[in-house]
$ cat my_file_27.cif   # mmCIF, C-alpha atoms and all ligand atoms
data_model
loop_
_atom_site.label_atom_id
_atom_site.label_comp_id
_atom_site.auth_asym_id
_atom_site.auth_seq_id
_atom_site.Cartn_x
_atom_site.Cartn_y
_atom_site.Cartn_z
CA MET A 246 -3.47 20.00 18.15
CA THR A 247 -4.54 21.61 14.96
CA HIS A 248 -1.56 21.91 12.70
CA GLN A 249 -1.90 25.71 12.45
CA ASP A 250 -0.69 26.01 16.04
CA PRO A 251 3.04 26.39 16.61
CA PRO A 252 4.70 23.75 18.79
CA ILE A 253 5.10 24.29 22.52
CA PHE A 254 8.81 24.78 23.29
CA ILE A 255 9.97 23.38 26.64
CA THR A 256 13.42 23.50 28.27
CA PHE A 257 14.30 20.75 30.75
CA GLY A 258 16.90 22.48 32.87
CA ASN A 259 18.83 22.53 36.12
CA ARG A 260 22.42 23.71 36.46
CA LYS A 261 23.28 20.38 38.12
CA GLY A 262 23.89 17.13 36.23
CA GLY A 263 22.42 13.76 37.12
CA VAL A 264 19.01 15.16 38.11
CA GLY A 265 16.94 13.40 35.44
CA LYS A 266 16.79 15.97 32.61
CA THR A 267 17.69 13.53 29.84
CA THR A 268 15.66 10.68 31.37
CA SER A 269 12.60 12.94 31.55
CA VAL A 270 13.00 14.23 27.99
CA ILE A 271 13.25 10.68 26.59
CA ASN A 272 10.45 9.10 28.58
CA LEU A 273 8.02 12.00 28.50
CA ALA A 274 8.51 12.26 24.72
CA SER A 275 7.88 8.53 24.42
CA ASN A 276 4.68 8.76 26.45
CA LEU A 277 3.38 11.79 24.52
CA ALA A 278 4.17 10.02 21.24
CA SER A 279 2.05 7.08 22.37
CA LEU A 280 -0.79 9.60 22.84
CA GLY A 281 -0.41 10.74 19.22
CA LYS A 282 1.79 13.81 19.74
CA ASN A 283 4.77 14.64 17.51
CA ILE A 284 7.90 15.70 19.33
CA LEU A 285 11.18 17.22 18.19
CA ILE A 286 13.99 16.83 20.74
CA VAL A 287 16.87 19.30 20.43
CA ASP A 288 19.93 17.98 22.25
CA THR A 289 21.76 21.09 23.45
CA ASP A 290 24.12 19.11 25.71
CA PRO A 291 27.58 18.46 24.21
CA GLN A 292 27.68 15.25 26.27
CA SER A 293 24.87 14.18 23.87
CA ASN A 294 23.38 11.44 26.06
CA CYS A 295 19.96 11.96 24.51
CA SER A 296 21.40 11.63 20.99
CA SER A 297 23.23 8.40 21.80
CA ILE A 298 20.11 6.82 23.29
CA LEU A 299 17.59 7.88 20.66
CA LEU A 300 19.38 8.10 17.30
CA ASN A 301 18.44 5.30 14.94
CA ASN A 302 21.64 5.69 13.01
CA PHE A 303 24.53 6.82 15.16
CA ASP A 304 26.43 8.25 12.16
CA ASP A 305 23.71 10.92 11.92
CA GLN A 306 25.27 12.60 14.94
CA THR A 307 28.27 13.78 12.93
CA LYS A 308 26.26 14.61 9.79
CA TYR A 309 23.21 16.51 11.07
CA SER A 310 24.14 18.07 14.39
CA LEU A 311 22.72 21.21 15.98
CA ILE A 312 26.14 22.79 15.48
CA ASP A 313 26.01 22.13 11.71
CA ALA A 314 22.68 23.98 11.64
CA LEU A 315 24.06 26.87 13.71
CA GLU A 316 27.12 27.17 11.46
CA ALA A 317 25.17 26.93 8.18
CA PRO A 318 24.88 30.10 6.04
CA GLU A 319 22.00 32.42 6.95
CA GLY A 320 18.65 31.01 5.77
CA GLU A 321 19.98 27.42 5.69
CA GLY A 322 20.35 25.11 8.69
CA LEU A 323 16.65 24.30 8.92
CA LEU A 324 16.03 22.10 11.99
CA SER A 325 12.97 20.50 10.34
CA LYS A 326 15.18 19.37 7.42
CA ILE A 327 17.98 17.83 9.50
CA ALA A 328 15.79 16.24 12.21
CA CYS A 329 17.01 12.64 12.56
CA ASN A 330 14.97 9.48 12.95
CA THR A 331 14.54 7.60 16.20
CA ASN A 332 12.86 4.23 16.39
CA ASN A 333 9.59 6.04 17.10
CA PRO A 334 8.14 7.73 13.98
CA ARG A 335 6.57 10.47 16.15
CA ILE A 336 9.90 11.46 17.78
CA LYS A 337 12.75 13.16 15.87
CA ILE A 338 16.00 14.45 17.29
CA ILE A 339 18.53 17.14 16.44
CA PRO A 340 21.73 15.56 17.76
CA ASN A 341 24.63 17.27 19.44
CA THR A 342 28.32 16.47 19.51
CA ALA A 343 31.37 17.42 21.57
CA ARG A 344 32.15 19.98 18.80
CA CYS A 345 29.52 22.12 20.53
CA MET A 346 32.11 23.17 23.10
CA LEU A 347 34.39 24.65 20.41
CA TRP A 348 31.40 26.43 18.85
CA GLU A 349 30.45 27.90 22.25
CA ARG A 350 33.94 29.37 22.64
CA LYS A 351 34.00 30.72 19.09
CA ILE A 352 30.57 32.33 19.36
CA ALA A 353 31.00 33.80 22.85
CA GLN A 354 30.76 37.50 21.93
CA LYS A 355 28.28 37.13 19.03
CA PRO A 356 24.43 37.31 19.07
CA ASP A 357 24.18 33.54 18.43
CA ALA A 358 25.59 32.97 21.95
CA VAL A 359 22.07 33.73 23.13
CA LEU A 360 19.89 33.83 20.02
CA GLY A 361 21.30 31.11 17.73
CA ILE A 362 18.55 28.55 18.30
CA SER A 363 15.80 31.21 18.21
CA ARG A 364 17.19 32.35 14.84
CA LEU A 365 16.97 28.77 13.50
CA ILE A 366 13.41 28.39 14.78
CA ASN A 367 12.21 31.72 13.39
CA GLN A 368 13.34 30.84 9.87
CA ASP A 369 11.77 27.35 9.96
CA THR A 370 8.08 27.31 8.99
CA ASP A 371 7.96 23.48 8.86
CA LEU A 372 8.42 23.12 12.65
CA ILE A 373 4.66 23.63 12.79
CA SER A 374 4.22 19.89 12.19
CA TYR A 375 5.41 19.22 15.76
CA ASP A 376 3.26 19.49 18.88
CA PHE A 377 6.26 19.89 21.19
CA VAL A 378 9.92 20.85 20.95
CA PHE A 379 11.91 19.64 23.96
CA PHE A 380 15.34 21.06 24.76
CA ASP A 381 17.58 18.72 26.74
CA THR A 382 20.25 20.94 28.31
CA PRO A 383 23.77 20.70 29.75
CA PRO A 384 24.44 20.98 33.50
CA ASN A 385 25.65 24.59 33.45
CA LEU A 386 24.39 28.12 32.91
CA GLY A 387 26.33 28.66 29.70
CA VAL A 388 25.68 29.43 26.04
CA MET A 389 23.43 26.44 25.33
CA MET A 390 21.26 26.96 28.41
CA ASN A 391 20.78 30.62 27.43
CA ASN A 392 19.91 29.59 23.88
CA ALA A 393 17.37 26.99 25.02
CA LEU A 394 15.67 29.35 27.48
CA MET A 395 15.53 32.17 24.91
CA ALA A 396 13.72 29.84 22.49
CA SER A 397 11.31 28.34 25.05
CA ASP A 398 7.77 28.95 26.20
CA TYR A 399 8.23 26.92 29.39
CA VAL A 400 10.90 25.49 31.69
CA ILE A 401 10.56 22.27 33.66
CA ILE A 402 13.13 21.84 36.45
CA PRO A 403 13.79 18.22 37.47
CA ILE A 404 14.97 17.98 41.08
CA PRO A 405 15.89 14.84 43.02
CA PRO A 406 15.12 15.81 46.64
CA SER A 407 17.97 13.68 47.96
CA ASP A 408 20.58 15.64 45.95
CA GLN A 409 21.62 18.56 48.16
CA PHE A 410 23.87 20.03 45.45
CA SER A 411 21.00 20.30 43.01
CA LEU A 412 19.05 22.22 45.66
CA ASP A 413 22.03 24.49 46.37
CA GLY A 414 22.24 25.52 42.71
CA LEU A 415 18.57 26.39 42.37
CA ALA A 416 18.68 30.07 43.31
CA ALA A 417 21.20 30.79 40.54
CA TYR A 418 19.06 28.91 38.02
CA LEU A 419 15.93 30.83 39.03
CA ASP A 420 17.93 34.08 38.67
CA LEU A 421 18.95 33.07 35.15
CA ILE A 422 15.32 32.34 34.22
CA GLY A 423 14.41 35.78 35.62
CA SER A 424 17.05 37.54 33.52
CA ILE A 425 16.15 35.64 30.34
CA ARG A 426 12.50 36.63 30.86
CA LYS A 427 13.54 40.27 30.37
CA HIS A 428 14.33 39.35 26.73
CA ASN A 429 11.87 36.46 26.21
CA ASP A 430 8.68 37.52 27.95
CA LYS A 431 6.77 34.38 26.95
CA LEU A 432 9.07 32.20 29.08
CA GLN A 433 7.41 30.70 32.14
CA LEU A 434 8.58 28.26 34.77
CA LEU A 435 5.89 25.62 34.23
CA ALA A 436 6.69 23.44 37.25
CA VAL A 437 9.33 21.62 39.23
CA LEU A 438 9.48 17.87 38.65
CA ILE A 439 10.48 15.73 41.62
CA THR A 440 12.72 12.91 40.36
CA LYS A 441 14.41 9.84 41.88
CA TYR A 442 11.99 10.08 44.81
CA ASP A 443 12.24 7.44 47.51
CA SER A 444 10.45 8.12 50.79
CA LYS A 445 12.61 5.55 52.57
CA TRP A 446 15.91 6.84 51.28
CA GLY A 447 18.25 9.41 52.83
CA ASN A 448 16.81 12.89 53.07
CA SER A 449 14.35 12.44 50.21
CA ALA A 450 11.10 12.82 52.19
CA ASN A 451 12.51 15.46 54.54
CA ASN A 452 13.94 17.58 51.74
CA LEU A 453 10.69 17.27 49.79
CA LYS A 454 8.92 19.22 52.53
CA GLN A 455 11.57 21.97 52.34
CA ILE A 456 11.36 22.03 48.54
CA THR A 457 7.56 22.29 48.65
CA ASN A 458 7.75 25.21 51.11
CA TYR A 459 10.50 26.95 49.16
CA PHE A 460 8.57 26.85 45.88
CA SER A 461 5.13 27.57 47.30
CA LYS A 462 6.54 30.77 48.89
CA LYS A 463 7.77 31.78 45.44
CA GLY A 464 4.45 30.84 43.79
CA ILE A 465 6.15 28.12 41.70
CA SER A 466 4.20 24.91 41.01
CA ILE A 467 5.39 21.36 41.54
CA PHE A 468 3.94 18.61 39.35
CA HIS A 469 1.59 16.33 41.32
CA THR A 470 3.35 13.43 39.63
CA LYS A 471 6.65 12.46 41.27
CA ILE A 472 9.15 10.29 39.42
CA HIS A 473 10.19 7.59 41.87
CA ASN A 474 13.65 6.15 42.17
CA CYS A 475 13.50 3.25 39.74
CA PRO A 476 16.48 0.99 38.95
CA GLU A 477 14.84 -0.11 35.68
CA ILE A 478 15.49 3.42 34.35
CA ASP A 479 19.25 2.75 34.34
CA MET A 480 18.62 -0.54 32.56
CA ALA A 481 16.51 1.19 29.91
CA HIS A 482 19.40 3.60 29.22
CA VAL A 483 21.78 0.65 28.83
CA ALA A 484 19.36 -0.84 26.27
CA ARG A 485 19.13 2.67 24.66
CA LYS A 486 15.33 2.60 24.90
CA PRO A 487 12.53 4.38 26.74
CA ILE A 488 11.39 2.64 29.94
CA PHE A 489 8.04 1.78 28.27
CA GLU A 490 9.85 -0.64 25.96
CA THR A 491 12.13 -2.35 28.52
CA ALA A 492 10.05 -2.31 31.74
CA PRO A 493 6.46 -1.26 30.98
CA ALA A 494 5.23 -2.54 34.38
CA SER A 495 7.81 -0.54 36.39
CA ILE A 496 7.03 2.40 38.64
CA GLY A 497 9.14 4.58 36.32
CA ALA A 498 6.90 3.75 33.35
CA ALA A 499 3.77 4.44 35.43
CA ASP A 500 5.21 7.77 36.64
CA TYR A 501 6.19 9.02 33.19
CA SER A 502 2.78 8.11 31.79
CA ALA A 503 1.10 9.95 34.69
CA LEU A 504 3.36 12.93 33.96
CA GLY A 505 2.36 12.94 30.28
CA LYS A 506 -1.31 12.96 31.28
CA GLU A 507 -0.75 15.75 33.81
CA LEU A 508 1.18 17.84 31.29
CA LEU A 509 -1.57 17.58 28.66
CA GLU A 510 -4.19 18.49 31.27
CA ILE A 511 -2.18 21.60 32.20
CA PHE A 512 -1.86 22.66 28.56
CA ASN A 513 -5.56 22.04 27.98
CA ILE A 514 -6.27 24.53 30.75
CA ILE A 515 -3.66 27.07 29.57
CA TYR A 516 -4.68 26.95 25.91
CA GLY A 517 -8.39 26.26 26.46
CA GLY A 518 -8.37 23.33 24.04
CA LYS A 519 -6.69 25.39 21.30
CA HIS A 520 -3.68 23.11 21.02
CA PHE A 521 -5.20 19.80 22.03
N1 LIG B 1 13.87 8.00 38.46
C1 LIG B 1 15.11 7.49 38.41
N2 LIG B 1 15.41 6.40 39.16
C2 LIG B 1 16.66 5.87 39.12
N3 LIG B 1 17.67 6.34 38.37
C3 LIG B 1 17.41 7.43 37.61
C4 LIG B 1 16.13 8.06 37.59
N4 LIG B 1 16.20 9.13 36.74
C5 LIG B 1 17.46 9.15 36.27
N5 LIG B 1 18.20 8.15 36.79
C6 LIG B 1 19.61 7.85 36.53
O1 LIG B 1 20.36 8.96 37.03
C7 LIG B 1 21.41 9.26 36.13
C8 LIG B 1 21.29 10.69 35.66
O2 LIG B 1 20.08 10.83 34.93
P1 LIG B 1 20.03 11.79 33.66
O3 LIG B 1 18.65 11.74 33.13
O4 LIG B 1 21.15 11.46 32.72
O5 LIG B 1 20.32 13.21 34.33
P2 LIG B 1 20.78 14.60 33.67
O6 LIG B 1 20.36 14.59 32.24
O7 LIG B 1 20.09 15.63 34.49
O8 LIG B 1 22.27 14.66 33.83
C9 LIG B 1 21.36 8.24 35.00
O9 LIG B 1 22.25 7.20 35.30
C10 LIG B 1 19.93 7.76 35.04
O10 LIG B 1 19.81 6.43 34.57
MG MG B 2 21.55 14.88 30.55
#
$ encode --input "my_file_27.cif" --output "structure tokens"
Amino acid sequence: MTHQDPPIFITFGNRKGGVGKTTSVINLASNLASLGKNILIVDTDPQSNCSSILLNNFDDQTKYSLIDALEAPEGEGLLSKIACNTNNPRIKIIPNTARCMLWERKIAQKPDAVLGISRLINQDTDLISYDFVFFDTPPNLGVMMNNALMASDYVIIPIPPSDQFSLDGLAAYLDLIGSIRKHNDKLQLLAVLITKYDSKWGNSANNLKQITNYFSKKGISIFHTKIHNCPEIDMAHVARKPIFETAPASIGAADYSALGKELLEIFNIIYGGKHF
């Protein structure tokens, strides 16, 4: 990327929890960083799993949170200034805290309920030093999901085919993306990401066929790369590290590096080499 180009903003979203949003944000960021990209992760989930795994200094979570930025006086609260260190110099994170839930209630009827993060981005010229901004999102269609989608160029929807509930919630999530697009016309559903895939397990393979049909009828792409079910991913979270550091030979590490490659190929086509 030339540093005149703005970053590409991507929401990882699904109204269901446990589908691999946080895992994908962490490991895809780690892979892209190893390819020389600079990534800012904005943790919009008050459960703050991403923050607790990636923050170098856990005290930063209470000092430099997304909510502090949103509550700062107009013109202050620059995300580029409060971005916290991780143990990878190419990855920074804006942490979240449980205080987010109080903020969401307080802000409910105000413009920031939808436009708060976009407001912070628009006032922040230094974000241009990042290639990507990734939004990790909570498992609901509330204030933070709206904010992330309003500020994004693309959405990636992680879906484990064996999780019926995550499939049941999809129509409502697609409707939300459709209604946000009326206000943010650059937003596109980039692709669905199959996660926790195991052809020998439960309904995984069977449901995958249904998912493929469902999305191809709607003209929505699915990444060629599938993230397989991989027990080492849980272990990496326990160690608070990306899978590349704890189990580089695992299928999970191979899948996330294939996904990074596929993503950059897609953006090369979309931007005709402008960004990369
Ligand atoms: N490919 C995978 N294989 C095995 N376990 C996974 C995989 N992806 C995620 N998990 C596990 O599933 C759980 C939920 O993943 P997470 O990324 O936190 O989902 P979300 O952010 O959507 O709630 C975590 O315990 C995580 O370790
Ligand atoms: Mg999560």
$ closest_residue --input "my_file_27.cif" --among "A:Asp430, A:Glu507, A:Asp413, A:Asp381" --to "ligand LIG 1 (chain B)" --atoms "only C-alpha atoms and all ligand atoms"
A:Asp381
$ residues_near_point --input "my_file_27.cif" --point "(18.3, 36.3, 29.9)" --cutoff "10 Å" --atoms "all atoms listed in the file" --output "PyMOL selection string"
chain A and resi 359+390-392+394-395+420-430
$ residues_near_point --input "my_file_27.cif" --point "(23.8, 16.4, 47.5)" --cutoff "12 Å" --atoms "all atoms listed in the file" --output "list of chain:residue names"
A:Lys261, A:Gly262, A:Gly263, A:Val264, A:Ile404, A:Pro405, A:Pro406, A:Ser407, A:Asp408, A:Gln409, A:Phe410, A:Ser411, A:Leu412, A:Asp413, A:Gly414, A:Gly447, A:Asn448, A:Ser449, A:Asn452
$ atom_distance --input "my_file_27.cif" --atom1 "atom CA of Tyr375 of chain A" --atom2 "atom CA of Lys471 of chain A"
26.4 Å
$ closest_atom_pairs --input "my_file_27.cif" --of "chain A" --to "ligand LIG 1 (chain B)" --cutoff "7 Å" --atoms "all atoms listed in the file" --output "tab-separated table"
residue	atom	partner	partner_atom	distance
A:Lys261	CA	B:LIG1	O7	6.8
A:Gly262	CA	B:LIG1	O8	3.8
A:Gly263	CA	B:LIG1	O8	3.4
A:Val264	CA	B:LIG1	O7	3.8
A:Gly265	CA	B:LIG1	O3	3.3
A:Lys266	CA	B:LIG1	O7	3.8
A:Thr267	CA	B:LIG1	O6	3.7
A:Thr268	CA	B:LIG1	O3	3.6
A:Ser269	CA	B:LIG1	O3	6.4
A:Pro384	CA	B:LIG1	O8	6.7
A:Thr440	CA	B:LIG1	N1	5.4
A:Lys441	CA	B:LIG1	N1	3.9
A:Tyr442	CA	B:LIG1	N1	6.9
A:Ile472	CA	B:LIG1	N1	5.3
A:His473	CA	B:LIG1	N1	5.0
A:Asn474	CA	B:LIG1	N2	3.5
A:Cys475	CA	B:LIG1	N2	3.7
A:Pro476	CA	B:LIG1	C2	4.9
A:Ile478	CA	B:LIG1	O10	5.3
A:Asp479	CA	B:LIG1	O10	3.7
A:His482	CA	B:LIG1	O10	6.1
A:Gly497	CA	B:LIG1	N1	6.2
$ atom_distance --input "my_file_27.cif" --atom1 "atom CA of Thr491 of chain A" --atom2 "atom CA of Gly281 of chain A"
20.4 Å
$ closest_residue --input "my_file_27.cif" --among "A:Met480, A:Leu415, A:Tyr516, A:Ala328" --to "Ile456 of chain A" --atoms "only C-alpha atoms"
A:Leu415
$ atom_distance --input "my_file_27.cif" --atom1 "atom CA of Met389 of chain A" --atom2 "atom CA of Leu453 of chain A"
29.1 Å
$ residues_around --input "my_file_27.cif" --residues "segment 347-357 of chain A" --least-positions-apart "6" --cutoff "10 Å" --atoms "only C-alpha atoms" --output "list in words"
Pro291, Ile312, Asp313, Leu315, Glu316, Ser363, Arg364, Leu365, Gly387, Val388, Met389 and Asn392 of chain A
$ write_last_selection --input "my_file_27.cif" --atoms "C-alpha atoms" --output "compact mmCIF listing (two decimals), in the coordinates of the input"
# COMPACT_ATOMS: atom_id res chain seq x y z
CA PRO A 291 27.58 18.46 24.21
CA ILE A 312 26.14 22.79 15.48
CA ASP A 313 26.01 22.13 11.71
CA LEU A 315 24.06 26.87 13.71
CA GLU A 316 27.12 27.17 11.46
CA SER A 363 15.80 31.21 18.21
CA ARG A 364 17.19 32.35 14.84
CA LEU A 365 16.97 28.77 13.50
CA GLY A 387 26.33 28.66 29.70
CA VAL A 388 25.68 29.43 26.04
CA MET A 389 23.43 26.44 25.33
CA ASN A 392 19.91 29.59 23.88
$ closest_residue --input "my_file_27.cif" --among "A:Gln249, A:Thr382, A:Thr331, A:Ser275" --to "ligand MG 2 (chain B)" --atoms "all atoms listed in the file"
A:Thr382
$ closest_residue --input "my_file_27.cif" --among "A:Pro334, A:Gly258, A:Gly320, A:Pro340" --to "ligand MG 2 (chain B)" --atoms "all atoms listed in the file"
A:Gly258
$ axis_aligned_box --input "my_file_27.cif" --around "segment 325-329 of chain A" --padding-each-side "4 Å" --output "lines of an AutoDock Vina configuration file"
center_x = 15.5
center_y = 16.6
center_z = 10.0
size_x = 13.0
size_y = 15.9
size_z = 13.1
$ closest_residue --input "my_file_27.cif" --among "A:Asp305, A:Glu477, A:Lys463, A:Ala393" --to "Ala494 of chain A" --atoms "only C-alpha atoms"
A:Glu477
